[in-house]
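Scroll down for the structure; my scribbles are underneath it.
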Amino acid sequence: MHNDLKYLQVSIEDGIGTILLNRPNVLNAINRPMVSEIVHTMEEMDQNESVKVIVLGGVGRAFAAGADIDEMAEATPLQLELLNQFSEWDRISLVKKPIIGAVQGFALGGGFELALCCDILFAAHDAEFGFPEIQLGVMPGAGGTQRLTKLMGKTKAMEWLLSGDRMSVEEALNYGVINRIVARELLIDETKKFAIKISKQAPLSLRLIKESVLKAVDYSLYEGMQFERKNFYLLFASDDQKEGMKAFQERRKPNFKGR
Ligand code: CO8
């Protein structure tokens, strides 16, 4: 399995599917085949019962220093329109299992956009986040202007997007961009430890909570509440709801099955 992957290192262990971007000689610059590999691997893991949580990180000194500039440099608008590459990228946001990002070094441009697609982010002390596109005469194209603004508000997002400056982990933590700062050498282990903790939760609850939280970004409060409620009702169709509540009453640990 996964032997044919050229730009990723992939493993599955203890219920955690780990995907590491693997082009360290170009700081994991994201080219189109890498996007395809990321999307297909995530979708496979989403369907794989032995994976409960996905961890996304990078090999080497960076998470990802952006989209591959060499691949883009000569592109024409018409080529980009016909390529429609973002239709594939958009499928990352349809993955139902939690995705936990582990960022070390640079997360720039498309690399920052990929990090912003994660549900939870751990970062090493040396991590730096930014949108340097403005210095290349372009702009973010995979959700950067939208996701960063929804996360930190218009005024702050403007500052980072218009300056192209790089954000330290302390700033990223302060703005709610990341969840936790971790020592570099412990980054993957700590991220996996947290992923394993989450993976013990009732799988359907994980799935429907993630889906509901993501809706909060797009929906009005009223619409979001209606959506949440339907998911809440849906969980009462599961064996895990019966098991979880019975285990509480019997003062024992629940044994969740994901159905
Ligand atoms: N594309 C291609 N190659 C890259 C990229 C990149 N984005 N980033 C680094 N590299 C390569 C360098 O060319 C270099 O290769 P070589 O050794 O062959 O010369 C190697 O990686 C190491 O890089 P540096 O020697 O430059 O390392 P430094 O530590 O001196 O600098 C930096 C690190 C500051 C990260 C620097 O490499 C840099 O500025 N990189 C470009 C960052 C950038 O501008 N990113 C934004 C790209 S545009 C974008 O992401 C648009 C997103 C649109 C959506 C995409 C969806 C996938």
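Each chain in the structure tokens gets a letter, A, B and so on, in the order shown; residues start at 1 in every chain, and ligands are counted from 1 in the order they appear.
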
Per residue of stretch 138-213 of chain A within 10 Å of stretch 79-103 of chain A, record the nearest atom pair and its distance in Å to one decimal, counting only C-alpha atoms, with rows in chain order and ascending residue number, as a tab-separated table.
residue	atom	partner	partner_atom	distance
A:Gly141	CA	A:Phe86	CA	8.4
A:Ala142	CA	A:Phe86	CA	6.8
A:Gly143	CA	A:Asp90	CA	9.1
A:Val169	CA	A:Val103	CA	9.8
A:Ile178	CA	A:Gly101	CA	9.2
A:Asn179	CA	A:Gly101	CA	9.9
A:Arg180	CA	A:Ala102	CA	9.8
A:Ile181	CA	A:Val103	CA	9.6
A:Val182	CA	A:Ala102	CA	9.4
A:Arg184	CA	A:Val103	CA	9.2
A:Leu187	CA	A:Ala102	CA	6.6
A:Ile188	CA	A:Ala102	CA	6.5
A:Asp189	CA	A:Ala102	CA	9.7
A:Glu190	CA	A:Ala102	CA	9.1
A:Thr191	CA	A:Ala102	CA	6.4
A:Lys192	CA	A:Ile100	CA	8.6
A:Phe194	CA	A:Ile100	CA	8.8
A:Ala195	CA	A:Ile100	CA	7.1
A:Ile198	CA	A:Pro98	CA	8.7
A:Ser199	CA	A:Pro98	CA	9.0
A:Pro203	CA	A:Lys97	CA	8.5
A:Leu204	CA	A:Lys97	CA	9.4
A:Leu206	CA	A:Lys97	CA	7.3
A:Arg207	CA	A:Lys96	CA	5.7
A:Leu208	CA	A:Lys96	CA	8.1
A:Ile209	CA	A:Pro98	CA	9.7
A:Lys210	CA	A:Pro98	CA	6.9
A:Glu211	CA	A:Lys96	CA	7.0

Original post:
What residues have any atom no more than 8 Å from ligand 1 when counting only C-alpha atoms and all ligand atoms, and can you list them as a PyMOL selection string?
Top reply: chain A and resi 24-32+35+64-71+86+89+106+108-111+113-114+131-133+135-136+138-143

Subject >> Members of stretch 151-259 of chain A assigned strand (DSSP E) by DSSP, as a PyMOL selection string >> reply: chain A and resi 166-167+180-182

**OP:** Go through A:Ala202, A:Phe227, A:Leu56, A:Glu159 and flag the residue nearest A:Asp119, using only C-alpha atoms for the distances.
**Re:** A:Leu56

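Computed from the coordinates, the atom CA of A:Glu37 to atom CA of A:Tyr7 distance equals 7.3 Å.
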
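For A:Asp4, the set of protein, DNA and RNA residues having any atom at most 12 Å away, when counting only C-alpha atoms and skipping those fewer than 4 positions along the same chain, is Leu8, Gln9, Val10, Pro33, Glu37, His40 and Thr41 of chain A.
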
Selected residues, all heavy atoms, written as a JSON list (two decimals), in the first residue's frame, please.
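Saved result, result-v8.json, follows:
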[["chain", "number", "residue", "atom", "x", "y", "z"],
["A", 8, "LEU", "N", 5.07, 11.88, -0.82],
["A", 8, "LEU", "CA", 4.61, 11.76, 0.57],
["A", 8, "LEU", "C", 5.24, 10.55, 1.23],
["A", 8, "LEU", "O", 5.56, 9.57, 0.56],
["A", 8, "LEU", "CB", 3.08, 11.55, 0.61],
["A", 8, "LEU", "CG", 2.16, 12.55, -0.06],
["A", 8, "LEU", "CD1", 0.71, 12.11, 0.14],
["A", 8, "LEU", "CD2", 2.37, 13.95, 0.51],
["A", 9, "GLN", "N", 5.37, 10.64, 2.57],
["A", 9, "GLN", "CA", 5.64, 9.46, 3.39],
["A", 9, "GLN", "C", 4.37, 9.18, 4.16],
["A", 9, "GLN", "O", 3.85, 10.09, 4.82],
["A", 9, "GLN", "CB", 6.74, 9.78, 4.41],
["A", 9, "GLN", "CG", 8.12, 9.39, 4.00],
["A", 9, "GLN", "CD", 9.12, 9.69, 5.11],
["A", 9, "GLN", "OE1", 8.79, 9.73, 6.29],
["A", 9, "GLN", "NE2", 10.35, 9.94, 4.70],
["A", 10, "VAL", "N", 3.88, 7.96, 4.06],
["A", 10, "VAL", "CA", 2.59, 7.66, 4.67],
["A", 10, "VAL", "C", 2.71, 6.43, 5.55],
["A", 10, "VAL", "O", 3.38, 5.47, 5.18],
["A", 10, "VAL", "CB", 1.54, 7.42, 3.56],
["A", 10, "VAL", "CG1", 0.24, 6.88, 4.11],
["A", 10, "VAL", "CG2", 1.27, 8.73, 2.80],
["A", 33, "PRO", "N", 1.20, 17.21, -8.60],
["A", 33, "PRO", "CA", 1.10, 15.79, -8.22],
["A", 33, "PRO", "C", 1.08, 15.58, -6.71],
["A", 33, "PRO", "O", 0.42, 14.66, -6.21],
["A", 33, "PRO", "CB", 2.36, 15.16, -8.83],
["A", 33, "PRO", "CG", 2.89, 16.15, -9.80],
["A", 33, "PRO", "CD", 2.32, 17.48, -9.49],
["A", 37, "GLU", "N", -1.69, 13.58, -4.52],
["A", 37, "GLU", "CA", -1.35, 12.52, -3.56],
["A", 37, "GLU", "C", -1.94, 12.80, -2.17],
["A", 37, "GLU", "O", -2.45, 11.91, -1.51],
["A", 37, "GLU", "CB", 0.19, 12.35, -3.47],
["A", 37, "GLU", "CG", 0.79, 11.75, -4.73],
["A", 37, "GLU", "CD", 2.25, 11.35, -4.57],
["A", 37, "GLU", "OE1", 2.82, 11.51, -3.47],
["A", 37, "GLU", "OE2", 2.83, 10.88, -5.57],
["A", 40, "HIS", "N", -5.81, 12.22, -2.43],
["A", 40, "HIS", "CA", -6.18, 10.81, -2.55],
["A", 40, "HIS", "C", -5.85, 10.03, -1.29],
["A", 40, "HIS", "O", -6.64, 9.19, -0.86],
["A", 40, "HIS", "CB", -5.50, 10.19, -3.77],
["A", 40, "HIS", "CG", -6.11, 10.68, -5.05],
["A", 40, "HIS", "ND1", -5.46, 11.48, -5.96],
["A", 40, "HIS", "CD2", -7.36, 10.54, -5.54],
["A", 40, "HIS", "CE1", -6.27, 11.79, -6.95],
["A", 40, "HIS", "NE2", -7.43, 11.23, -6.72],
["A", 41, "THR", "N", -4.72, 10.34, -0.66],
["A", 41, "THR", "CA", -4.35, 9.62, 0.56],
["A", 41, "THR", "C", -5.33, 9.95, 1.68],
["A", 41, "THR", "O", -5.77, 9.06, 2.43],
["A", 41, "THR", "CB", -2.91, 9.96, 0.98],
["A", 41, "THR", "OG1", -2.04, 9.73, -0.12],
["A", 41, "THR", "CG2", -2.46, 9.14, 2.16]]

**OP:** Would you please give, as an NGL selection string, all residues of stretch 108-256 of chain A that DSSP assigns to alpha helix (DSSP H) based on the backbone?
**Re:** :A and (110-116 or 144-152 or 154-163 or 169-174 or 187-199 or 203-218 or 221-235 or 239-249)
